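S.K.: Input input_32.cif, format and content: mmCIF, N, CA and C atoms.
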```cif
data_upload
loop_
_atom_site.label_atom_id
_atom_site.label_comp_id
_atom_site.auth_asym_id
_atom_site.auth_seq_id
_atom_site.Cartn_x
_atom_site.Cartn_y
_atom_site.Cartn_z
N MET A 1 -32.47 -9.73 75.31
CA MET A 1 -33.68 -9.46 74.58
C MET A 1 -33.94 -7.95 74.47
N LEU A 2 -33.73 -7.24 75.57
CA LEU A 2 -33.97 -5.79 75.56
C LEU A 2 -33.00 -5.07 74.64
N ALA A 3 -31.74 -5.47 74.67
CA ALA A 3 -30.75 -4.83 73.81
C ALA A 3 -31.08 -5.08 72.34
N ALA A 4 -31.48 -6.29 72.01
CA ALA A 4 -31.88 -6.59 70.64
C ALA A 4 -33.12 -5.79 70.25
N GLY A 5 -34.05 -5.67 71.18
CA GLY A 5 -35.25 -4.88 70.93
C GLY A 5 -34.92 -3.42 70.66
N ALA A 6 -33.96 -2.88 71.42
CA ALA A 6 -33.54 -1.50 71.21
C ALA A 6 -32.92 -1.33 69.83
N ALA A 7 -32.12 -2.31 69.41
CA ALA A 7 -31.49 -2.24 68.08
C ALA A 7 -32.54 -2.31 66.97
N VAL A 8 -33.51 -3.20 67.12
CA VAL A 8 -34.58 -3.32 66.12
C VAL A 8 -35.41 -2.05 66.08
N LEU A 9 -35.75 -1.52 67.24
CA LEU A 9 -36.54 -0.28 67.29
C LEU A 9 -35.78 0.89 66.70
N LEU A 10 -34.48 0.92 66.89
CA LEU A 10 -33.65 1.97 66.29
C LEU A 10 -33.72 1.91 64.77
N ALA A 11 -33.58 0.70 64.21
CA ALA A 11 -33.67 0.54 62.75
C ALA A 11 -35.06 0.94 62.26
N TRP A 12 -36.10 0.53 62.97
CA TRP A 12 -37.48 0.87 62.62
C TRP A 12 -37.67 2.39 62.62
N THR A 13 -37.15 3.05 63.63
CA THR A 13 -37.31 4.50 63.78
C THR A 13 -36.59 5.26 62.67
N VAL A 14 -35.39 4.84 62.35
CA VAL A 14 -34.66 5.49 61.26
C VAL A 14 -35.41 5.31 59.95
N GLY A 15 -35.90 4.11 59.68
CA GLY A 15 -36.69 3.88 58.47
C GLY A 15 -37.95 4.73 58.44
N MET A 16 -38.61 4.84 59.58
CA MET A 16 -39.84 5.63 59.66
C MET A 16 -39.53 7.12 59.45
N ALA A 17 -38.41 7.57 59.96
CA ALA A 17 -38.05 8.98 59.82
C ALA A 17 -37.94 9.39 58.37
N PHE A 18 -37.51 8.47 57.53
CA PHE A 18 -37.34 8.78 56.11
C PHE A 18 -38.56 8.43 55.27
N SER A 19 -39.56 7.75 55.87
CA SER A 19 -40.71 7.35 55.08
C SER A 19 -41.97 8.19 55.33
N ILE A 20 -42.01 8.91 56.43
CA ILE A 20 -43.18 9.74 56.73
C ILE A 20 -43.09 11.01 55.91
N PRO A 21 -44.13 11.31 55.13
CA PRO A 21 -44.08 12.52 54.32
C PRO A 21 -44.04 13.77 55.19
N PRO A 22 -43.43 14.85 54.67
CA PRO A 22 -43.36 16.09 55.45
C PRO A 22 -44.76 16.63 55.75
N SER A 23 -44.89 17.27 56.89
CA SER A 23 -46.17 17.85 57.29
C SER A 23 -46.37 19.21 56.66
N GLU A 24 -47.61 19.57 56.54
CA GLU A 24 -47.94 20.92 56.09
C GLU A 24 -47.64 21.89 57.22
N PRO A 25 -47.36 23.13 56.89
CA PRO A 25 -47.15 24.12 57.96
C PRO A 25 -48.36 24.19 58.88
N ARG A 26 -48.12 24.45 60.13
CA ARG A 26 -49.14 24.58 61.18
C ARG A 26 -49.91 23.30 61.45
N THR A 27 -49.35 22.16 61.10
CA THR A 27 -49.95 20.88 61.48
C THR A 27 -48.93 20.11 62.30
N VAL A 28 -49.36 18.99 62.81
CA VAL A 28 -48.48 18.15 63.61
C VAL A 28 -47.36 17.60 62.73
N ASP A 29 -46.14 17.69 63.21
CA ASP A 29 -45.00 17.08 62.52
C ASP A 29 -44.93 15.63 62.97
N TRP A 30 -45.61 14.75 62.22
CA TRP A 30 -45.74 13.35 62.62
C TRP A 30 -44.40 12.64 62.70
N ALA A 31 -43.49 12.94 61.79
CA ALA A 31 -42.18 12.29 61.82
C ALA A 31 -41.46 12.63 63.12
N LEU A 32 -41.48 13.90 63.50
CA LEU A 32 -40.84 14.32 64.75
C LEU A 32 -41.54 13.70 65.95
N LEU A 33 -42.86 13.70 65.92
CA LEU A 33 -43.63 13.16 67.03
C LEU A 33 -43.31 11.69 67.26
N TRP A 34 -43.46 10.88 66.22
CA TRP A 34 -43.27 9.44 66.38
C TRP A 34 -41.81 9.06 66.55
N CYS A 35 -40.93 9.68 65.82
CA CYS A 35 -39.51 9.35 65.96
C CYS A 35 -38.99 9.80 67.32
N GLY A 36 -39.47 10.92 67.80
CA GLY A 36 -39.09 11.38 69.13
C GLY A 36 -39.57 10.43 70.22
N PHE A 37 -40.81 9.98 70.10
CA PHE A 37 -41.35 9.03 71.07
C PHE A 37 -40.57 7.72 71.01
N ASP A 38 -40.29 7.24 69.80
CA ASP A 38 -39.52 6.01 69.67
C ASP A 38 -38.10 6.17 70.21
N ALA A 39 -37.52 7.35 70.06
CA ALA A 39 -36.18 7.60 70.61
C ALA A 39 -36.21 7.48 72.14
N ILE A 40 -37.27 7.96 72.75
CA ILE A 40 -37.41 7.81 74.21
C ILE A 40 -37.52 6.33 74.56
N GLU A 41 -38.31 5.58 73.80
CA GLU A 41 -38.43 4.14 74.03
C GLU A 41 -37.08 3.43 73.88
N ILE A 42 -36.33 3.81 72.86
CA ILE A 42 -35.01 3.20 72.64
C ILE A 42 -34.10 3.48 73.83
N ALA A 43 -34.08 4.71 74.29
CA ALA A 43 -33.22 5.08 75.42
C ALA A 43 -33.60 4.31 76.69
N VAL A 44 -34.90 4.21 76.96
CA VAL A 44 -35.35 3.49 78.15
C VAL A 44 -35.09 1.99 77.99
N MET A 45 -35.31 1.45 76.79
CA MET A 45 -35.07 0.03 76.55
C MET A 45 -33.59 -0.31 76.72
N ALA A 46 -32.73 0.50 76.17
CA ALA A 46 -31.28 0.27 76.30
C ALA A 46 -30.85 0.42 77.76
N SER A 47 -31.40 1.41 78.45
CA SER A 47 -31.08 1.58 79.87
C SER A 47 -31.55 0.39 80.70
N ALA A 48 -32.76 -0.08 80.39
CA ALA A 48 -33.29 -1.25 81.11
C ALA A 48 -32.41 -2.47 80.86
N ALA A 49 -31.98 -2.66 79.62
CA ALA A 49 -31.11 -3.79 79.30
C ALA A 49 -29.82 -3.71 80.11
N TRP A 50 -29.24 -2.53 80.17
CA TRP A 50 -27.99 -2.34 80.90
C TRP A 50 -28.19 -2.58 82.40
N LEU A 51 -29.28 -2.06 82.95
CA LEU A 51 -29.55 -2.22 84.38
C LEU A 51 -29.85 -3.68 84.74
N VAL A 52 -30.61 -4.37 83.90
CA VAL A 52 -30.91 -5.78 84.15
C VAL A 52 -29.62 -6.60 84.09
N ARG A 53 -28.80 -6.33 83.09
CA ARG A 53 -27.54 -7.07 82.94
C ARG A 53 -26.64 -6.88 84.16
N ARG A 54 -26.62 -5.67 84.70
CA ARG A 54 -25.80 -5.38 85.89
C ARG A 54 -26.46 -5.83 87.19
N ARG A 55 -27.70 -6.30 87.09
CA ARG A 55 -28.49 -6.68 88.27
C ARG A 55 -28.64 -5.50 89.24
N ASP A 56 -28.83 -4.35 88.64
CA ASP A 56 -28.95 -3.11 89.40
C ASP A 56 -30.33 -3.03 90.07
N ALA A 57 -30.37 -2.43 91.24
CA ALA A 57 -31.63 -2.27 91.97
C ALA A 57 -32.63 -1.40 91.22
N LEU A 58 -32.17 -0.60 90.29
CA LEU A 58 -33.06 0.28 89.52
C LEU A 58 -33.70 -0.43 88.32
N ALA A 59 -33.30 -1.65 88.03
CA ALA A 59 -33.84 -2.36 86.87
C ALA A 59 -35.36 -2.47 86.88
N PRO A 60 -36.00 -2.82 88.01
CA PRO A 60 -37.47 -2.90 87.99
C PRO A 60 -38.14 -1.58 87.62
N MET A 61 -37.56 -0.47 88.05
CA MET A 61 -38.15 0.83 87.70
C MET A 61 -38.02 1.09 86.20
N ALA A 62 -36.87 0.75 85.63
CA ALA A 62 -36.69 0.94 84.19
C ALA A 62 -37.65 0.04 83.40
N LEU A 63 -37.83 -1.19 83.86
CA LEU A 63 -38.77 -2.09 83.18
C LEU A 63 -40.19 -1.57 83.29
N SER A 64 -40.56 -1.03 84.44
CA SER A 64 -41.89 -0.45 84.61
C SER A 64 -42.10 0.77 83.72
N ALA A 65 -41.07 1.61 83.63
CA ALA A 65 -41.15 2.78 82.75
C ALA A 65 -41.32 2.34 81.30
N LEU A 66 -40.57 1.33 80.90
CA LEU A 66 -40.68 0.83 79.52
C LEU A 66 -42.06 0.23 79.27
N ALA A 67 -42.60 -0.50 80.23
CA ALA A 67 -43.96 -1.05 80.08
C ALA A 67 -44.98 0.07 79.89
N THR A 68 -44.83 1.13 80.66
CA THR A 68 -45.74 2.28 80.54
C THR A 68 -45.63 2.91 79.15
N LEU A 69 -44.41 3.05 78.66
CA LEU A 69 -44.21 3.60 77.31
C LEU A 69 -44.84 2.70 76.24
N MET A 70 -44.76 1.39 76.42
CA MET A 70 -45.36 0.47 75.45
C MET A 70 -46.88 0.62 75.41
N VAL A 71 -47.50 0.78 76.58
CA VAL A 71 -48.95 0.98 76.62
C VAL A 71 -49.31 2.32 75.97
N ALA A 72 -48.55 3.37 76.27
CA ALA A 72 -48.81 4.67 75.65
C ALA A 72 -48.61 4.59 74.14
N ASP A 73 -47.59 3.89 73.70
CA ASP A 73 -47.34 3.73 72.26
C ASP A 73 -48.51 3.03 71.59
N ALA A 74 -49.00 1.96 72.21
CA ALA A 74 -50.15 1.24 71.64
C ALA A 74 -51.36 2.17 71.55
N TRP A 75 -51.63 2.90 72.61
CA TRP A 75 -52.78 3.82 72.63
C TRP A 75 -52.68 4.86 71.51
N PHE A 76 -51.54 5.53 71.42
CA PHE A 76 -51.40 6.59 70.43
C PHE A 76 -51.35 6.05 69.01
N ASP A 77 -50.77 4.87 68.83
CA ASP A 77 -50.78 4.25 67.50
C ASP A 77 -52.21 4.00 67.02
N VAL A 78 -53.01 3.44 67.90
CA VAL A 78 -54.40 3.12 67.54
C VAL A 78 -55.22 4.39 67.37
N MET A 79 -55.06 5.34 68.28
CA MET A 79 -55.91 6.53 68.25
C MET A 79 -55.55 7.50 67.12
N THR A 80 -54.33 7.43 66.61
CA THR A 80 -53.93 8.36 65.54
C THR A 80 -53.84 7.70 64.18
N ALA A 81 -54.16 6.40 64.11
CA ALA A 81 -54.04 5.67 62.84
C ALA A 81 -55.10 6.13 61.84
N ARG A 82 -54.66 6.34 60.62
CA ARG A 82 -55.62 6.59 59.55
C ARG A 82 -56.40 5.30 59.32
N SER A 83 -57.59 5.42 58.73
CA SER A 83 -58.46 4.26 58.61
C SER A 83 -57.78 3.07 57.92
N GLY A 84 -56.97 3.31 56.91
CA GLY A 84 -56.30 2.22 56.21
C GLY A 84 -55.22 1.55 57.04
N TYR A 85 -54.70 2.25 58.05
CA TYR A 85 -53.64 1.71 58.90
C TYR A 85 -54.16 1.19 60.23
N LEU A 86 -55.45 1.39 60.51
CA LEU A 86 -56.01 0.99 61.79
C LEU A 86 -55.85 -0.50 62.07
N PRO A 87 -56.12 -1.40 61.11
CA PRO A 87 -55.93 -2.83 61.42
C PRO A 87 -54.48 -3.17 61.81
N ALA A 88 -53.52 -2.56 61.16
CA ALA A 88 -52.12 -2.80 61.51
C ALA A 88 -51.81 -2.25 62.90
N ALA A 89 -52.32 -1.08 63.21
CA ALA A 89 -52.08 -0.48 64.52
C ALA A 89 -52.70 -1.32 65.63
N VAL A 90 -53.91 -1.79 65.41
CA VAL A 90 -54.58 -2.64 66.41
C VAL A 90 -53.83 -3.97 66.56
N SER A 91 -53.38 -4.53 65.46
CA SER A 91 -52.63 -5.79 65.52
C SER A 91 -51.32 -5.62 66.27
N MET A 92 -50.59 -4.54 65.99
CA MET A 92 -49.33 -4.30 66.70
C MET A 92 -49.58 -4.09 68.20
N ALA A 93 -50.64 -3.39 68.51
CA ALA A 93 -50.96 -3.17 69.93
C ALA A 93 -51.31 -4.50 70.61
N ALA A 94 -52.17 -5.28 69.95
CA ALA A 94 -52.66 -6.52 70.56
C ALA A 94 -51.62 -7.63 70.63
N PHE A 95 -50.76 -7.71 69.63
CA PHE A 95 -49.83 -8.83 69.55
C PHE A 95 -48.38 -8.50 69.87
N LEU A 96 -48.06 -7.22 70.01
CA LEU A 96 -46.67 -6.85 70.29
C LEU A 96 -46.56 -5.92 71.50
N GLU A 97 -47.11 -4.73 71.39
CA GLU A 97 -46.88 -3.71 72.42
C GLU A 97 -47.52 -4.05 73.77
N LEU A 98 -48.77 -4.45 73.78
CA LEU A 98 -49.43 -4.76 75.05
C LEU A 98 -48.91 -6.05 75.68
N PRO A 99 -48.68 -7.13 74.91
CA PRO A 99 -48.05 -8.31 75.53
C PRO A 99 -46.65 -8.01 76.06
N LEU A 100 -45.88 -7.21 75.32
CA LEU A 100 -44.56 -6.83 75.81
C LEU A 100 -44.67 -6.04 77.11
N ALA A 101 -45.64 -5.15 77.20
CA ALA A 101 -45.85 -4.40 78.44
C ALA A 101 -46.16 -5.35 79.60
N ALA A 102 -46.96 -6.38 79.34
CA ALA A 102 -47.29 -7.35 80.38
C ALA A 102 -46.05 -8.14 80.81
N VAL A 103 -45.22 -8.55 79.86
CA VAL A 103 -43.98 -9.27 80.18
C VAL A 103 -43.04 -8.38 80.99
N LEU A 104 -42.90 -7.14 80.58
CA LEU A 104 -42.02 -6.21 81.29
C LEU A 104 -42.50 -5.96 82.71
N THR A 105 -43.81 -5.81 82.88
CA THR A 105 -44.38 -5.60 84.21
C THR A 105 -44.14 -6.82 85.09
N THR A 106 -44.36 -8.00 84.52
CA THR A 106 -44.12 -9.24 85.26
C THR A 106 -42.66 -9.35 85.67
N ALA A 107 -41.75 -9.03 84.76
CA ALA A 107 -40.32 -9.07 85.07
C ALA A 107 -39.97 -8.08 86.18
N ALA A 108 -40.56 -6.89 86.11
CA ALA A 108 -40.29 -5.88 87.15
C ALA A 108 -40.76 -6.36 88.51
N VAL A 109 -41.94 -6.96 88.55
CA VAL A 109 -42.47 -7.46 89.82
C VAL A 109 -41.59 -8.59 90.35
N ARG A 110 -41.20 -9.51 89.48
CA ARG A 110 -40.36 -10.63 89.92
C ARG A 110 -39.00 -10.16 90.44
N LEU A 111 -38.39 -9.20 89.72
CA LEU A 111 -37.11 -8.68 90.18
C LEU A 111 -37.24 -7.99 91.53
N THR A 112 -38.33 -7.26 91.72
CA THR A 112 -38.56 -6.57 92.99
C THR A 112 -38.74 -7.58 94.11
N ARG A 113 -39.53 -8.60 93.87
CA ARG A 113 -39.77 -9.63 94.90
C ARG A 113 -38.49 -10.41 95.20
N ARG A 114 -37.71 -10.68 94.17
CA ARG A 114 -36.45 -11.39 94.37
C ARG A 114 -35.52 -10.58 95.27
N ARG A 115 -35.48 -9.28 95.05
CA ARG A 115 -34.63 -8.40 95.88
C ARG A 115 -35.11 -8.37 97.32
N GLU A 116 -36.43 -8.41 97.50
CA GLU A 116 -36.99 -8.36 98.85
C GLU A 116 -36.64 -9.61 99.64
N THR A 117 -36.51 -10.74 98.98
CA THR A 117 -36.22 -11.99 99.69
C THR A 117 -34.71 -12.23 99.86
N ASP A 118 -33.89 -11.48 99.16
CA ASP A 118 -32.42 -11.65 99.28
C ASP A 118 -31.89 -11.02 100.54
#
```
Could you write out this file's structure as structure tokens?

M.R.:
Amino acid sequence: MLAAGAAVLLAWTVGMAFSIPPSEPRTVDWALLWCGFDAIEIAVMASAAWLVRRRDALAPMALSALATLMVADAWFDVMTARSGYLPAAVSMAAFLELPLAAVLTTAAVRLTRRRETD
């Protein structure tokens, strides 16, 4: 699931990189900001997938880091959304990013507890 998520997020990020209009000088470069953040998410998601697959002891930490990134992504999406995009940002946060963060946190806790009992 994580590897597929990384692939989907990669496609989303590439599409977004080409669809965000260029910024005016001395303003925030939104394409760089969002694509850079998504690149970090992709790297952590792919790393988490690899660590979970290997049953590595570091997998819970990677899942926790990814959950934290999902919450930050939801926050910044909602707080920086233009008024016309706010409903979409809130919907993505409520139905995708925050539930995914909860699932990732639960998985991290379960993996940690499983290791403690082994």

S.K.: Extract, using only C-alpha atoms, all DNA, RNA and protein residues at most 9 Å from Pro21 in chain A, discarding same-chain residues fewer than 2 positions from it, and format them as a PyMOL selection string.

M.R.: chain A and resi 17-19+23+30-31

S.K.: Neighbours of range 5-13 of chain A within 8 Å (only C-alpha atoms; same-chain residues fewer than 4 positions away dropped), as a PyMOL selection string?

M.R.: chain A and resi 1+17+35+38-39+41-43+45-46

S.K.: Considering only N, CA and C atoms, state which residue in the set A:Ala74, A:Ile20, A:Ile40, A:Ala108 is at the smallest distance from Ala94 in chain A.

M.R.: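 Between A:Ala74, A:Ile20, A:Ile40, A:Ala108, the residue approaching Ala94 in chain A most closely is A:Ala74.
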
S.K.: Would you mind reading off the distance between CA of Gly15 in chain A and CA of Ala48 in chain A, one decimal, in Å?

M.R.: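 Taking CA of Gly15 in chain A as the start and CA of Ala48 in chain A as the end point, the length is 23.5 Å.
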
S.K.: To one decimal in Å, tell me the separation between atom C of Ala88 in chain A and CA of Asp73 in chain A.

M.R.: 12.0 Å

S.K.: Among the residues of chain A, find those DSSP assigns to alpha helix (DSSP H) from the backbone and print them as a PyMOL selection string.

M.R.: chain A and resi 2-19+30-53+59-80+86-92+98-117

S.K.: Give the centre and edge lengths of an axis-aligned box, in Å to one decimal, that holds all listed atoms of range 71-75 of chain A with 6 Å on each side, as lines of an AutoDock Vina configuration file.

M.R.:
```
center_x = -50.1
center_y = 2.8
center_z = 74.1
size_x = 17.4
size_y = 16.1
size_z = 17.1
```

S.K.: Atom N of Arg115 in chain A and atom N of Ala62 in chain A, how far apart in Å?

M.R.: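 According to the coordinates, atom N of Ala62 in chain A and atom N of Arg115 in chain A are separated by 13.8 Å.
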
S.K.: Restricting the calculation to only C-alpha atoms: of A:Leu111, A:Met70, A:Ala81, A:Ala59, which residue gets closest to Phe37 in chain A?

M.R.: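 Looking only at the distances to Phe37 in chain A, the closest residue turns out to be A:Met70.
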
S.K.: With only C-alpha atoms as the counted atoms, please give the residues lying no more than 8 Å from Val109 in chain A, apart from itself and same-chain residues fewer than 4 positions off, as a list of chain:residue names.

M.R.: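 Using only C-alpha atoms, the neighbours found are A:Pro60, A:Thr105, A:Arg113.
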
S.K.: For the structure shown, which residues end up in the PyMOL selection byres (((chain A and resi 101 and name CA) around 9) and name CA)? Put them as a VMD selection string, please?

M.R.: chain A and resid 63 to 64 66 to 71 96 to 100 102 to 106
